[in-house]
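In what follows, a structure is listed as structure tokens, so that the remarks can point back to it.
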Amino acid sequence: MQNTLQWYPGHMAKTRRLIEENLKMIDVVVEILDARIPFSGRNPNFDDIIKHKPRLLVMNKADLADRRRTDMWIEWYRKQGLTVIPISCATGMGINKVLSSARELVRERIERDAEKGRTRTLKLMMVGIPNVGKSSLINRLLGKASTKTGDRPGVTKGKQWLRIKGDAELLDTPGILPPKFEDQELAKRLAYTGAIRDEIMNTELLAYSLCEYLRDEYPAEVCERYKIKDDISSLEGYEVLELIGRRRGFVISGGEVDMERAANMVLDELRGCKIGCITLEVPEN
Ligand SMILES: Nc1nc2c(ncn2[C@@H]2O[C@H](COP(=O)(O)OP(=O)(O)OP(=O)(O)O)[C@@H](O)[C@H]2O)c(=O)[nH]1
Ligand SMILES: [Mg+2]
């Protein structure tokens with residue numbers, strides 16, 4: 001893996017300013033996480049940026065995550081006093097809880113305003129790292145494709161307000177990551193889930209690490225998917241990948257495995273949920 005990862009281009013600094021400038025008029029910040037990396041997928045700088053604004057944590061892509069682990073994370077966040085809900089923009093699960101949970105967070109204010117005869121639409125701002133589904137959630141809430149989405153980071157460019165008739169106003173923002181990561185493991189998890197571009201990582205090394213993780217945490221799923229009968233528990237990550245490549249027939253001249261092809265395939269299959277519903281981290285107590 002390269003040491004200097006260039007992923008903090010000018011537009012991320014710009015987005016930070018955009019979030020800060022709009023914060024005043026926002027009722028609730030909706031922080032969207034990828035349920036497969038509920039910890040690494042949070043930008044630690046958001047606390048700094050968002051400060052004490054009411055915040056709803058939304059664990060999106062729950063359809064791709066390990067349900068047992070999603071429950072563990074929900075409990076972990078709730079113990080910290082945070083409001084968190086699991087959703088899936090792909091299946092529609094939990095979408096109907098988003099507005100009601102956000103409204104609940106500012107219920108007293110809404111009621112106070114109502115007593116004074118003031119009705120206001122609820123103003124929400126969607127924030128999160130790239131590719132977690134901020135724009136997809138907005139489209140789901142609006143019931144139509146109003147903002148562009150895509151299976152790569154950096155799809156949303158500028159700010160965009162969208163209104164749910166008489167109900168709420170939503171502000172989409174581009175995904176932002178912290179300027180740098182000390183922790184390479186964390187950077188790898190972001191790459192596995194597509195929050196940072198593959199091009200800035202070494203795909204083979206990334207796949208070795210992934211295979212190590214799967215060997216320890218999801219061996220049954222890996223063996224089932226790639227029809228492996230051997231015990232993989234004592235293999236190195238690259239040996240697991242080699243075995244997978246061989247099972248898939250990715251063999252080049254001399255009988256060697258085409259490791260690059262195997263690496264790309266495993267990463268694709270992880271992202272496509274083909275290996276199973278996999279969550280890449282568990283809460284620490
Ligand atoms: N399986 C699954 N895919 C999802 C879900 N939500 C979003 N996606 C997909 O994830 C990709 C990213 O979605 P976007 O809505 O563009 O993400 P974003 O957070 O707006 O991304 P940026 O604007 O690039 O920061 C798209 O390919 C979506 O179809 C989900 O709940 N489940
Ligand atoms: Mg977007």
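Ordered as shown in the structure tokens, chains take letters A, B, and onward, while each chain numbers its residues from 1 and ligands are numbered from 1 in the order shown.
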Contacts of stretch 134-153 of chain A with stretch 90-100 of chain A up to 12 Å, shortest pair per row, only C-alpha atoms, as a Markdown table:
```
| residue | atom | partner | partner_atom | distance |
| --- | --- | --- | --- | --- |
| A:Ser136 | CA | A:Ala90 | CA | 8.5 |
| A:Leu137 | CA | A:Ile95 | CA | 7.8 |
| A:Ile138 | CA | A:Ile95 | CA | 10.0 |
| A:Asn139 | CA | A:Ile95 | CA | 10.7 |
| A:Arg140 | CA | A:Ile95 | CA | 7.3 |
| A:Leu141 | CA | A:Ile95 | CA | 7.2 |
| A:Leu142 | CA | A:Ile95 | CA | 10.7 |
| A:Gly143 | CA | A:Gly92 | CA | 10.6 |
```
Selection file, C-alpha atoms, as a JSON list (two decimals), in the first residue's frame:
```json
[["chain", "number", "residue", "atom", "x", "y", "z"],
["A", 136, "SER", "CA", -29.76, 7.09, -2.52],
["A", 137, "LEU", "CA", -31.44, 7.82, 0.79],
["A", 138, "ILE", "CA", -32.64, 11.19, -0.46],
["A", 139, "ASN", "CA", -34.06, 9.55, -3.57],
["A", 140, "ARG", "CA", -35.79, 6.94, -1.44],
["A", 141, "LEU", "CA", -37.32, 9.61, 0.79],
["A", 142, "LEU", "CA", -38.50, 11.54, -2.23],
["A", 143, "GLY", "CA", -39.77, 8.43, -3.92]]
```
Cut-off 6 Å, only C-alpha atoms and all ligand atoms, neighbours of ligand 2 as a ChimeraX atom specification = /A:134-135,149,155-156,174
Name the residues of stretch 88-141 of chain A that come out as helix (DSSP H, G or I) in a backbone DSSP run; write them as a PDB file with N, CA and C atoms, in the first residue's frame.
```
ATOM      1  N   ILE A  95     -36.603   2.667   5.796  1.00  0.00           N
ATOM      2  CA  ILE A  95     -36.662   4.024   5.225  1.00  0.00           C
ATOM      3  C   ILE A  95     -37.752   4.859   5.907  1.00  0.00           C
ATOM      4  N   ASN A  96     -38.862   4.207   6.220  1.00  0.00           N
ATOM      5  CA  ASN A  96     -39.981   4.947   6.828  1.00  0.00           C
ATOM      6  C   ASN A  96     -39.669   5.415   8.257  1.00  0.00           C
ATOM      7  N   LYS A  97     -38.559   4.936   8.828  1.00  0.00           N
ATOM      8  CA  LYS A  97     -38.189   5.380  10.185  1.00  0.00           C
ATOM      9  C   LYS A  97     -37.323   6.632  10.157  1.00  0.00           C
ATOM     10  N   VAL A  98     -36.777   6.971   9.015  1.00  0.00           N
ATOM     11  CA  VAL A  98     -35.791   8.048   8.982  1.00  0.00           C
ATOM     12  C   VAL A  98     -36.396   9.384   9.403  1.00  0.00           C
ATOM     13  N   LEU A  99     -37.472   9.782   8.746  1.00  0.00           N
ATOM     14  CA  LEU A  99     -38.063  11.084   9.077  1.00  0.00           C
ATOM     15  C   LEU A  99     -38.655  11.091  10.478  1.00  0.00           C
ATOM     16  N   SER A 100     -39.313   9.990  10.851  1.00  0.00           N
ATOM     17  CA  SER A 100     -39.928   9.980  12.188  1.00  0.00           C
ATOM     18  C   SER A 100     -38.859  10.005  13.284  1.00  0.00           C
ATOM     19  N   SER A 101     -37.759   9.299  13.075  1.00  0.00           N
ATOM     20  CA  SER A 101     -36.691   9.320  14.090  1.00  0.00           C
ATOM     21  C   SER A 101     -36.046  10.688  14.167  1.00  0.00           C
ATOM     22  N   ALA A 102     -35.875  11.322  13.013  1.00  0.00           N
ATOM     23  CA  ALA A 102     -35.277  12.664  13.010  1.00  0.00           C
ATOM     24  C   ALA A 102     -36.207  13.641  13.729  1.00  0.00           C
ATOM     25  N   ARG A 103     -37.497  13.519  13.436  1.00  0.00           N
ATOM     26  CA  ARG A 103     -38.470  14.432  14.039  1.00  0.00           C
ATOM     27  C   ARG A 103     -38.503  14.229  15.562  1.00  0.00           C
ATOM     28  N   GLU A 104     -38.401  12.994  15.982  1.00  0.00           N
ATOM     29  CA  GLU A 104     -38.417  12.673  17.404  1.00  0.00           C
ATOM     30  C   GLU A 104     -37.266  13.379  18.139  1.00  0.00           C
ATOM     31  N   LEU A 105     -36.140  13.496  17.457  1.00  0.00           N
ATOM     32  CA  LEU A 105     -34.971  14.125  18.083  1.00  0.00           C
ATOM     33  C   LEU A 105     -35.201  15.601  18.405  1.00  0.00           C
ATOM     34  N   ARG A 107     -38.447  16.873  18.759  1.00  0.00           N
ATOM     35  CA  ARG A 107     -39.893  16.946  19.020  1.00  0.00           C
ATOM     36  C   ARG A 107     -40.273  18.150  19.889  1.00  0.00           C
ATOM     37  N   GLU A 108     -39.500  18.333  20.973  1.00  0.00           N
ATOM     38  CA  GLU A 108     -39.848  19.436  21.878  1.00  0.00           C
ATOM     39  C   GLU A 108     -39.842  20.777  21.159  1.00  0.00           C
ATOM     40  N   ARG A 109     -38.845  20.964  20.315  1.00  0.00           N
ATOM     41  CA  ARG A 109     -38.767  22.229  19.585  1.00  0.00           C
ATOM     42  C   ARG A 109     -39.937  22.403  18.626  1.00  0.00           C
ATOM     43  N   ILE A 110     -40.278  21.311  17.962  1.00  0.00           N
ATOM     44  CA  ILE A 110     -41.396  21.383  17.011  1.00  0.00           C
ATOM     45  C   ILE A 110     -42.679  21.733  17.773  1.00  0.00           C
ATOM     46  N   GLU A 111     -42.854  21.094  18.944  1.00  0.00           N
ATOM     47  CA  GLU A 111     -44.066  21.356  19.736  1.00  0.00           C
ATOM     48  C   GLU A 111     -44.103  22.802  20.242  1.00  0.00           C
ATOM     49  N   ARG A 112     -42.955  23.274  20.700  1.00  0.00           N
ATOM     50  CA  ARG A 112     -42.886  24.674  21.169  1.00  0.00           C
ATOM     51  C   ARG A 112     -43.253  25.640  20.058  1.00  0.00           C
ATOM     52  N   ASP A 113     -42.688  25.365  18.881  1.00  0.00           N
ATOM     53  CA  ASP A 113     -42.985  26.219  17.720  1.00  0.00           C
ATOM     54  C   ASP A 113     -44.465  26.161  17.365  1.00  0.00           C
ATOM     55  N   ALA A 114     -45.037  24.961  17.456  1.00  0.00           N
ATOM     56  CA  ALA A 114     -46.444  24.781  17.090  1.00  0.00           C
ATOM     57  C   ALA A 114     -47.340  25.581  18.035  1.00  0.00           C
ATOM     58  N   GLU A 115     -46.954  25.608  19.340  1.00  0.00           N
ATOM     59  CA  GLU A 115     -47.731  26.387  20.317  1.00  0.00           C
ATOM     60  C   GLU A 115     -47.751  27.870  19.956  1.00  0.00           C
ATOM     61  N   LYS A 134     -25.806   8.460   0.608  1.00  0.00           N
ATOM     62  CA  LYS A 134     -26.492   9.698   0.999  1.00  0.00           C
ATOM     63  C   LYS A 134     -27.533  10.083  -0.050  1.00  0.00           C
ATOM     64  N   SER A 135     -27.089  10.074  -1.315  1.00  0.00           N
ATOM     65  CA  SER A 135     -28.003  10.468  -2.387  1.00  0.00           C
ATOM     66  C   SER A 135     -29.101   9.420  -2.576  1.00  0.00           C
ATOM     67  N   SER A 136     -28.743   8.162  -2.401  1.00  0.00           N
ATOM     68  CA  SER A 136     -29.756   7.091  -2.525  1.00  0.00           C
ATOM     69  C   SER A 136     -30.845   7.256  -1.480  1.00  0.00           C
ATOM     70  N   LEU A 137     -30.445   7.645  -0.266  1.00  0.00           N
ATOM     71  CA  LEU A 137     -31.441   7.818   0.792  1.00  0.00           C
ATOM     72  C   LEU A 137     -32.378   8.974   0.445  1.00  0.00           C
ATOM     73  N   ILE A 138     -31.805  10.049  -0.057  1.00  0.00           N
ATOM     74  CA  ILE A 138     -32.643  11.188  -0.462  1.00  0.00           C
ATOM     75  C   ILE A 138     -33.634  10.748  -1.531  1.00  0.00           C
ATOM     76  N   ASN A 139     -33.162  10.012  -2.511  1.00  0.00           N
ATOM     77  CA  ASN A 139     -34.056   9.546  -3.573  1.00  0.00           C
ATOM     78  C   ASN A 139     -35.160   8.653  -3.020  1.00  0.00           C
ATOM     79  N   ARG A 140     -34.786   7.803  -2.072  1.00  0.00           N
ATOM     80  CA  ARG A 140     -35.788   6.943  -1.438  1.00  0.00           C
ATOM     81  C   ARG A 140     -36.844   7.771  -0.714  1.00  0.00           C
ATOM     82  N   LEU A 141     -36.378   8.797   0.024  1.00  0.00           N
ATOM     83  CA  LEU A 141     -37.319   9.613   0.792  1.00  0.00           C
ATOM     84  C   LEU A 141     -38.230  10.407  -0.132  1.00  0.00           C
TER      85      LEU A 141
END
```
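Among the candidate residues A:Gly276, A:Gly128, A:Gly154, A:Pro283, the one lying nearest to A:Asn45 is A:Gly128, with distances computed using only C-alpha atoms.
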May I have the residues within 7 Å of stretch 118-127 of chain A as number ranges by chain, using only C-alpha atoms and disregarding those fewer than 3 positions away in the same chain?
-> A: 26-32, 113-114, 134, 166-173, 175
Counting only C-alpha atoms, what is within 12 Å of A:Glu185, bar same-chain residues fewer than 2 positions away, as a list in words?
->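 Near neighbours after the sequence-gap exclusion: Met1, Ile37, Phe39, Ser40, Phe181, Glu182, Asp183, Ala187, Lys188, Arg189, Leu190, Ala191, Tyr192, Leu205, Leu206, Ser209, Leu210, Tyr213, Leu280 and Glu281 of chain A.
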Those residues you just picked out, can you put them in a file as a CSV table (one decimal), in the first residue's frame with C-alpha atoms?
```csv
chain,number,residue,atom,x,y,z
A,1,MET,CA,0.0,0.0,0.0
A,37,ILE,CA,-17.9,-0.7,8.5
A,39,PHE,CA,-16.8,2.4,12.9
A,40,SER,CA,-14.2,3.0,10.2
A,181,PHE,CA,-5.4,8.2,8.2
A,182,GLU,CA,-2.7,6.9,10.6
A,183,ASP,CA,-4.4,3.5,10.6
A,187,ALA,CA,-8.0,2.7,5.2
A,188,LYS,CA,-8.2,-0.9,3.8
A,189,ARG,CA,-11.8,-1.2,5.2
A,190,LEU,CA,-12.7,1.9,3.4
A,191,ALA,CA,-11.3,0.5,0.2
A,192,TYR,CA,-13.1,-2.8,0.6
A,205,LEU,CA,-2.2,-6.4,-1.1
A,206,LEU,CA,-5.7,-5.3,-0.3
A,209,SER,CA,-5.5,-8.6,3.8
A,210,LEU,CA,-9.1,-9.3,3.0
A,213,TYR,CA,-9.8,-11.3,7.6
A,280,LEU,CA,-15.7,-6.0,8.6
A,281,GLU,CA,-15.5,-4.9,12.2
```
In Å, with one decimal, what is the gap from atom CA of A:Ile244 to atom CA of A:Lys227?
->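 Taking atom CA of A:Ile244 as the start and atom CA of A:Lys227 as the end point, the length is 8.6 Å.
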Return the single residue from A:Lys61, A:Lys53, A:Arg17, A:Lys180 that is closest to ligand 1, with distances computed using only C-alpha atoms and all ligand atoms.
->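 Closest to ligand 1 of all the choices is A:Lys61.
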Backbone DSSP call of strand (DSSP E or B) for stretch 112-265 of chain A, listed as number ranges by chain | A: 122-127, 160-164, 168-172, 251, 257
I need the chosen residues saved as a compact mmCIF listing (two decimals), in the first residue's frame, with N, CA and C atoms.
```txt
# COMPACT_ATOMS: atom_id res chain seq x y z
N LEU A 122 -39.17 20.39 8.49
CA LEU A 122 -37.98 19.83 9.12
C LEU A 122 -36.82 19.91 8.11
N LYS A 123 -35.70 20.46 8.58
CA LYS A 123 -34.57 20.58 7.65
C LYS A 123 -33.46 19.60 8.03
N LEU A 124 -33.18 18.72 7.10
CA LEU A 124 -32.17 17.69 7.37
C LEU A 124 -30.98 17.83 6.44
N MET A 125 -29.82 17.55 6.98
CA MET A 125 -28.63 17.54 6.12
C MET A 125 -28.03 16.13 6.16
N MET A 126 -27.79 15.58 4.99
CA MET A 126 -27.19 14.26 4.89
C MET A 126 -25.68 14.39 4.83
N VAL A 127 -24.99 13.77 5.75
CA VAL A 127 -23.52 13.79 5.67
C VAL A 127 -23.00 12.36 5.77
N GLN A 160 -27.05 20.50 -2.72
CA GLN A 160 -28.33 20.35 -3.40
C GLN A 160 -29.44 20.23 -2.35
N TRP A 161 -30.38 21.18 -2.41
CA TRP A 161 -31.53 21.10 -1.51
C TRP A 161 -32.68 20.39 -2.22
N LEU A 162 -33.35 19.51 -1.54
CA LEU A 162 -34.50 18.84 -2.14
C LEU A 162 -35.62 18.84 -1.12
N ARG A 163 -36.83 18.96 -1.61
CA ARG A 163 -37.94 19.12 -0.68
C ARG A 163 -38.95 17.98 -0.79
N ILE A 164 -39.34 17.46 0.36
CA ILE A 164 -40.45 16.52 0.37
C ILE A 164 -41.67 17.36 0.69
N ALA A 168 -40.52 17.95 4.72
CA ALA A 168 -39.13 18.14 5.10
C ALA A 168 -38.32 18.65 3.92
N GLU A 169 -37.19 19.26 4.29
CA GLU A 169 -36.25 19.66 3.25
C GLU A 169 -34.95 18.93 3.52
N LEU A 170 -34.36 18.47 2.45
CA LEU A 170 -33.18 17.64 2.60
C LEU A 170 -32.01 18.28 1.87
N LEU A 171 -30.86 18.30 2.52
CA LEU A 171 -29.68 18.82 1.86
C LEU A 171 -28.70 17.68 1.64
N ASP A 172 -28.43 17.41 0.38
CA ASP A 172 -27.43 16.39 0.03
C ASP A 172 -26.05 17.04 0.07
N VAL A 251 -5.65 -19.80 -13.85
CA VAL A 251 -4.28 -20.31 -13.92
C VAL A 251 -3.62 -19.80 -15.20
N VAL A 257 -1.11 -19.16 -10.43
CA VAL A 257 -2.40 -18.48 -10.35
C VAL A 257 -2.23 -17.01 -10.74
```
